[in-house]
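Coordinates as given in model.tsv (TSV, C-alpha atoms):
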chain	number	residue	atom	x	y	z
J	1	MET	CA	-4.89	-59.63	42.14
J	2	LYS	CA	-6.94	-57.35	44.37
J	3	PRO	CA	-9.01	-54.64	42.69
J	4	LEU	CA	-7.88	-51.08	43.29
J	5	SER	CA	-9.65	-49.16	45.97
J	6	THR	CA	-11.62	-46.02	45.14
J	7	GLN	CA	-8.82	-43.86	46.56
J	8	GLN	CA	-6.18	-45.68	44.50
J	9	GLN	CA	-8.28	-45.33	41.34
J	10	THR	CA	-8.64	-41.62	41.97
J	11	LEU	CA	-4.89	-41.19	42.45
J	12	THR	CA	-4.26	-43.13	39.25
J	13	LEU	CA	-6.62	-40.94	37.23
J	14	LEU	CA	-5.40	-37.62	38.62
J	15	PRO	CA	-2.44	-37.23	36.16
J	16	ILE	CA	-4.73	-38.04	33.23
J	17	ILE	CA	-7.35	-35.57	34.40
J	18	ALA	CA	-4.67	-32.90	34.90
J	19	VAL	CA	-3.39	-33.39	31.34
J	20	ILE	CA	-6.91	-33.10	29.94
J	21	VAL	CA	-7.62	-29.92	31.91
J	22	LEU	CA	-4.31	-28.31	30.91
J	23	THR	CA	-4.95	-29.21	27.27
J	24	ILE	CA	-8.39	-27.58	27.37
J	25	VAL	CA	-6.97	-24.45	29.03
J	26	PHE	CA	-4.12	-24.23	26.52
J	27	TYR	CA	-6.37	-24.46	23.47
J	28	SER	CA	-8.83	-22.04	25.02
J	29	LEU	CA	-6.07	-19.47	25.53
J	30	ALA	CA	-4.66	-20.11	22.06
J	31	ASN	CA	-8.04	-19.58	20.43
J	32	ASN	CA	-8.58	-16.47	22.52
J	33	ASN	CA	-5.26	-14.98	21.41
J	34	ALA	CA	-5.94	-15.86	17.80
J	35	TYR	CA	-9.30	-14.14	18.03
J	36	GLN	CA	-7.73	-11.03	19.52
J	37	ILE	CA	-5.13	-10.91	16.75
J	38	ARG	CA	-7.86	-11.19	14.12
J	39	VAL	CA	-9.95	-8.35	15.44
J	40	GLU	CA	-7.37	-5.93	16.84
J	41	LEU	CA	-6.30	-3.91	13.82
J	42	PRO	CA	-3.41	-1.48	14.38
J	43	LYS	CA	-4.33	2.13	14.98
J	44	ILE	CA	-2.70	4.18	12.23
J	45	GLN	CA	-3.19	7.41	10.32
J	46	GLY	CA	-5.22	5.56	7.73
J	47	VAL	CA	-6.80	2.13	7.29
J	48	THR	CA	-5.39	-1.36	7.70
J	49	LEU	CA	-7.36	-3.96	5.78
J	50	GLU	CA	-8.26	-6.96	7.93
J	51	LYS	CA	-8.67	-8.94	4.74
J	52	ALA	CA	-6.00	-7.74	2.33
J	53	GLN	CA	-7.21	-7.16	-1.23
J	54	GLN	CA	-5.49	-9.15	-3.96
J	55	LEU	CA	-4.28	-7.14	-6.96
J	56	THR	CA	-5.30	-8.52	-10.35
J	57	ASN	CA	-4.74	-7.89	-14.08
J	58	ILE	CA	-1.89	-5.42	-13.59
J	59	GLN	CA	-0.41	-4.25	-16.90
J	60	LEU	CA	1.97	-1.31	-16.42
J	61	THR	CA	5.34	-0.14	-17.69
J	62	ASP	CA	8.15	1.20	-15.51
J	63	HIS	CA	10.48	4.14	-16.23
J	64	GLN	CA	12.98	1.77	-17.85
J	65	GLY	CA	10.41	0.43	-20.31
J	66	LYS	CA	10.00	-2.91	-18.53
J	67	SER	CA	6.58	-4.53	-18.22
J	68	VAL	CA	5.10	-4.68	-14.73
J	69	ASN	CA	2.57	-7.33	-13.74
J	70	LEU	CA	1.40	-8.98	-10.54
J	71	ASP	CA	4.68	-10.85	-10.05
J	72	TYR	CA	6.56	-7.57	-9.65
J	73	PHE	CA	4.97	-6.96	-6.25
J	74	ILE	CA	5.65	-10.42	-4.79
J	75	GLY	CA	8.24	-10.73	-2.03
J	76	LYS	CA	8.54	-7.09	-0.95
J	77	TRP	CA	6.54	-4.39	0.76
J	78	HIS	CA	5.69	-1.70	-1.79
J	79	PHE	CA	4.79	1.89	-0.98
J	80	ILE	CA	2.85	3.44	-3.87
J	81	ALA	CA	2.48	7.20	-4.22
J	82	TYR	CA	0.62	8.64	-7.19
J	83	GLY	CA	0.43	11.96	-8.97
J	84	TYR	CA	2.02	13.59	-12.02
J	85	THR	CA	5.40	15.08	-12.84
J	86	GLN	CA	4.14	18.63	-13.40
J	87	CYS	CA	2.53	18.74	-9.95
J	88	PRO	CA	3.96	21.90	-8.33
J	89	ASP	CA	4.01	20.96	-4.65
J	90	ILE	CA	2.14	17.99	-3.20
J	91	CYS	CA	3.67	15.24	-5.33
J	92	PRO	CA	7.33	16.28	-4.92
J	93	THR	CA	6.81	16.88	-1.20
J	94	THR	CA	5.34	13.39	-0.81
J	95	LEU	CA	8.23	11.82	-2.71
J	96	PHE	CA	10.83	13.67	-0.62
J	97	THR	CA	9.11	12.33	2.48
J	98	LEU	CA	9.26	8.80	1.08
J	99	VAL	CA	13.00	9.24	0.43
J	100	GLN	CA	13.42	10.09	4.12
J	101	LEU	CA	11.29	7.09	5.07
J	102	ALA	CA	13.38	4.78	2.86
J	103	ASP	CA	16.58	5.99	4.52
J	104	LEU	CA	15.09	5.44	7.98
J	105	LEU	CA	13.94	1.92	7.11
J	106	ASN	CA	17.31	1.01	5.60
J	107	THR	CA	19.08	2.23	8.73
J	108	ASN	CA	16.85	0.61	11.35
J	109	ASN	CA	15.17	-2.32	9.61
J	110	GLU	CA	17.54	-3.83	7.09
J	111	ASN	CA	15.72	-7.16	7.25
J	112	ILE	CA	12.49	-5.71	5.82
J	113	ASN	CA	12.45	-5.66	2.02
J	114	THR	CA	10.74	-2.52	0.76
J	115	GLN	CA	10.34	-0.76	-2.58
J	116	PHE	CA	8.93	2.67	-3.40
J	117	VAL	CA	6.81	3.34	-6.47
J	118	PHE	CA	5.52	6.51	-8.08
J	119	TYR	CA	2.53	5.93	-10.37
J	120	THR	CA	1.59	8.71	-12.78
J	121	VAL	CA	-2.09	9.51	-13.23
J	122	ASP	CA	-1.17	11.63	-16.28
J	123	PRO	CA	0.47	9.20	-18.72
J	124	ALA	CA	-0.50	11.36	-21.71
J	125	ARG	CA	2.20	13.85	-20.70
J	126	ASP	CA	4.38	11.64	-18.48
J	127	SER	CA	6.26	9.54	-20.99
J	128	GLN	CA	8.76	6.86	-20.02
J	129	GLN	CA	11.64	9.28	-20.56
J	130	ILE	CA	10.05	12.03	-18.47
J	131	LEU	CA	9.31	9.57	-15.67
J	132	ALA	CA	12.91	8.34	-15.68
J	133	GLN	CA	14.28	11.86	-15.30
J	134	TYR	CA	11.70	12.74	-12.67
J	135	ILE	CA	12.09	9.73	-10.39
J	136	HIS	CA	15.90	9.81	-10.53
J	137	TYR	CA	15.77	13.34	-9.17
J	138	PHE	CA	14.42	11.88	-5.92
J	139	SER	CA	16.10	8.48	-5.79
J	140	LYS	CA	17.68	6.09	-8.25
J	141	LYS	CA	16.29	3.24	-6.16
J	142	PHE	CA	12.68	4.31	-6.65
J	143	THR	CA	10.51	3.07	-9.53
J	144	ALA	CA	8.09	5.11	-11.62
J	145	MET	CA	5.22	3.49	-13.51
J	146	ARG	CA	2.63	4.38	-16.10
J	147	ALA	CA	-0.26	2.73	-17.95
J	148	GLU	CA	-0.02	2.41	-21.71
J	149	THR	CA	-3.79	2.40	-22.26
J	150	SER	CA	-6.85	3.86	-20.59
J	151	GLN	CA	-8.12	0.36	-19.87
J	152	TYR	CA	-4.94	-0.63	-18.00
J	153	ALA	CA	-5.03	2.65	-16.09
J	154	GLU	CA	-8.66	2.15	-15.05
J	155	ILE	CA	-8.06	-1.43	-13.88
J	156	PHE	CA	-5.06	-0.45	-11.75
J	157	GLN	CA	-6.64	2.67	-10.30
J	158	GLN	CA	-9.92	0.98	-9.43
J	159	SER	CA	-8.15	-1.92	-7.72
J	160	LEU	CA	-6.36	0.55	-5.42
J	161	GLY	CA	-9.07	3.17	-5.07
J	162	ILE	CA	-7.03	5.87	-6.82
J	163	LYS	CA	-9.21	8.88	-7.66
J	164	VAL	CA	-8.14	11.16	-10.52
J	165	GLU	CA	-9.84	13.68	-12.79
J	166	ILE	CA	-8.21	15.40	-15.76
J	167	THR	CA	-9.92	18.47	-17.22
J	168	ARG	CA	-9.08	20.09	-20.55
J	169	ALA	CA	-10.51	23.28	-22.04
J	170	ASN	CA	-10.09	23.80	-25.79
J	171	ILE	CA	-9.82	27.09	-27.69
J	172	ASN	CA	-11.74	25.97	-30.78
J	173	ASN	CA	-15.02	25.01	-29.14
J	174	ASN	CA	-14.42	26.33	-25.62
J	175	ASN	CA	-15.60	22.99	-24.24
J	176	GLU	CA	-14.33	21.31	-21.13
J	177	ASP	CA	-13.51	17.64	-21.56
J	178	THR	CA	-13.24	15.72	-18.29
J	179	ASN	CA	-11.88	12.19	-18.24
J	180	LYS	CA	-10.45	9.88	-15.62
J	181	VAL	CA	-7.35	9.38	-17.78
J	182	GLU	CA	-6.82	10.38	-21.37
J	183	LEU	CA	-3.84	8.87	-23.16
J	184	THR	CA	-4.01	10.91	-26.37
J	185	ASN	CA	-2.10	14.17	-26.59
J	186	SER	CA	-3.78	17.33	-27.78
J	187	SER	CA	-1.84	19.92	-29.72
J	188	GLN	CA	-0.81	23.00	-27.79
J	189	ASN	CA	-2.75	25.19	-30.24
J	190	ASP	CA	-5.99	23.50	-29.28
J	191	GLU	CA	-5.42	23.38	-25.55
J	192	VAL	CA	-5.97	26.28	-23.18
J	193	THR	CA	-5.95	24.64	-19.76
J	194	TYR	CA	-4.99	21.21	-18.50
J	195	GLN	CA	-5.87	20.51	-14.89
J	196	VAL	CA	-5.19	17.31	-12.96
J	197	ASN	CA	-6.95	16.56	-9.68
J	198	HIS	CA	-6.18	13.44	-7.69
J	199	GLY	CA	-6.49	12.03	-4.20
J	200	LEU	CA	-3.71	12.08	-1.64
J	201	THR	CA	-2.96	8.71	-0.05
J	202	ILE	CA	-0.04	6.31	0.12
J	203	LEU	CA	-0.86	2.69	-0.66
J	204	LEU	CA	0.92	-0.23	0.99
J	205	ILE	CA	1.17	-3.56	-0.84
J	206	ASN	CA	2.23	-6.59	1.18
J	207	PRO	CA	4.66	-9.29	-0.09
J	208	LYS	CA	1.74	-11.36	-1.41
J	209	SER	CA	0.76	-8.64	-3.90
J	210	GLU	CA	-2.20	-7.56	-1.77
J	211	LEU	CA	-3.34	-4.10	-0.75
J	212	GLN	CA	-2.73	-4.20	3.00
J	213	ALA	CA	-3.11	-0.59	4.14
J	214	VAL	CA	-3.86	2.95	3.01
J	215	PHE	CA	-2.08	5.85	4.72
J	216	PHE	CA	-3.89	9.18	4.96
J	217	PRO	CA	-2.19	12.59	5.17
J	218	GLU	CA	-2.16	14.64	8.32
J	219	ILE	CA	-3.65	18.11	8.54
J	220	THR	CA	-1.20	20.76	9.74
J	221	GLU	CA	-2.11	23.85	11.76
J	222	LEU	CA	-2.14	25.78	8.49
J	223	GLY	CA	-4.72	23.40	7.07
J	224	ILE	CA	-2.26	21.80	4.61
J	225	LYS	CA	-2.41	18.05	3.97
J	226	GLY	CA	0.80	16.07	3.97
J	227	PHE	CA	2.80	13.14	5.31
J	228	THR	CA	5.67	12.98	7.79
J	229	ARG	CA	8.49	10.48	7.83
J	230	ASP	CA	8.08	9.53	11.49
J	231	ALA	CA	4.32	8.95	11.28
J	232	LEU	CA	4.70	6.76	8.18
J	233	TYR	CA	7.53	4.83	9.83
J	234	HIS	CA	5.50	4.18	12.97
J	235	ASP	CA	2.39	3.19	11.04
J	236	PHE	CA	4.25	0.90	8.66
J	237	LEU	CA	5.85	-1.02	11.53
J	238	GLN	CA	2.42	-1.39	13.11
J	239	VAL	CA	1.01	-2.87	9.89
J	240	PHE	CA	4.13	-5.01	9.38
J	241	ASN	CA	3.81	-6.56	12.86
J	242	TYR	CA	0.08	-7.11	12.34
J	243	TYR	CA	0.82	-8.89	9.05
J	244	LYS	CA	3.40	-11.14	10.74
J	245	GLN	CA	1.00	-12.05	13.53
J	246	ARG	CA	-1.78	-12.87	11.08
J	247	ASN	CA	0.52	-15.17	9.14
J	248	LEU	CA	1.48	-17.08	12.29
J	249	LEU	CA	-2.13	-18.12	12.93
Using the file provided, produce a representation of the structure as structure tokens.
Amino acid sequence: MKPLSTQQQTLTLLPIIAVIVLTIVFYSLANNNAYQIRVELPKIQGVTLEKAQQLTNIQLTDHQGKSVNLDYFIGKWHFIAYGYTQCPDICPTTLFTLVQLADLLNTNNENINTQFVFYTVDPARDSQQILAQYIHYFSKKFTAMRAETSQYAEIFQQSLGIKVEITRANINNNNEDTNKVELTNSSQNDEVTYQVNHGLTILLINPKSELQAVFFPEITELGIKGFTRDALYHDFLQVFNYYKQRNLL
């Protein structure tokens, strides 16, 4: 058998060389795309976490008296708004906006499982019964939650970056007592003022029980902070698609 000529050897190796080159190009492009997906966070009115933050040690109670732990948040996207039931304007306005958002999502994106939560930063006054009446005023599909102890409240609020300050002024000693959350009730005779200050954000928990994004309010021409249904809808879909892409890597 005659040995192959140089030209014949080259022709024989060409298909192998072509496969090797195409393989290198393919993996180069794949790695490039993966890198772009990792670094290109969606532009939203807020912050998308590149590395979602796992929730831990959650011990809450919902408006039906059921215990809420980490497992509650698995399998669905959860929007969490926070405030207190005696809030005169911002809290109810935010919840009405979330009702509109829920309707929009149910109409256009039935395949996305979502749940809406209202967390009270004032559990001393917002009992389970009060929360049940309050949340049902907005939607019977929404869930309201509270912490039974100051420790549980602090753990939950710190894990999500919830800022709250409750100030009391008493008649007897005219002192102001400021606490993050106080779960003991004072008698009305002793209490002159009761002021609750808290941040204004909407927190988004992904189906793995991780904090995935924080939505910030917009500033209107009148200088009022608030959310709009359309902006939240657009931003959520951006985060949702980003989450899907990350999980395909």
Tell me, as a compact mmCIF listing (two decimals) with C-alpha atoms, in the coordinates of the input, which residues lie within 7 Å of Gln115 in chain J, counting all atoms listed in the file; anything in the same chain fewer than 3 positions away does not count.
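Once written, result-v4.txt looks like this:
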# COMPACT_ATOMS: atom_id res chain seq x y z
CA LYS J 76 8.54 -7.09 -0.95
CA TRP J 77 6.54 -4.39 0.76
CA HIS J 78 5.69 -1.70 -1.79
CA PHE J 79 4.79 1.89 -0.98
CA PHE J 142 12.68 4.31 -6.65
Radius query 12 Å about (-0.5, 14.8, -1.2), atoms used: all atoms listed in the file, as a PyMOL selection string: chain J and resi 81-84+87-98+197-202+215-219+224-228
Shortest interatomic distance to Ile58 in chain J - which of J:Leu101, J:Ile80, J:Ile112, J:Ala147, counting all atoms listed in the file: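 Selected residue with least distance to Ile58 in chain J: J:Ala147.
Distances here use only C-alpha atoms; by that measure, the residue among J:Asn69, J:Asn206, J:Gln45, J:Asn109 closest to Asn247 in chain J is J:Asn206.
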One-decimal distance in Å that lies between CA of Gln195 in chain J and CA of Lys66 in chain J: 28.5 Å
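Comparing the minimum interatomic distances between Leu60 in chain J and each of J:Gln128, J:Gln212, J:Thr193, J:Gln133, counting all atoms listed in the file, we find that J:Gln128 sits nearest.
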Residue nearest Gln54 in chain J - candidates J:Arg246, J:Arg125, J:Arg229, J:Lys208, atoms counted: only C-alpha atoms: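 Between J:Arg246, J:Arg125, J:Arg229, J:Lys208, the residue approaching Gln54 in chain J most closely is J:Lys208.
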Nearest to Asp71 in chain J by atom-to-atom distance, counting all atoms listed in the file, from J:Asp126, J:Asn57, J:Lys43, J:Phe118: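 Of the candidates, the smallest distance to Asp71 in chain J is held by J:Asn57.
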Top pick for closest residue to Gln53 in chain J, considering J:Gln238, J:Gln86, J:Gln129, J:Ser209 and counting only C-alpha atoms: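 Closest candidate: J:Ser209.
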Pairwise distance for CA of Gln59 in chain J and CA of Gly46 in chain J, rounded to one decimal in Å: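 One can read the CA of Gln59 in chain J to CA of Gly46 in chain J distance as 26.9 Å.
Distance-wise, CA of Val68 in chain J and CA of Ile135 in chain J end up 16.6 Å apart.
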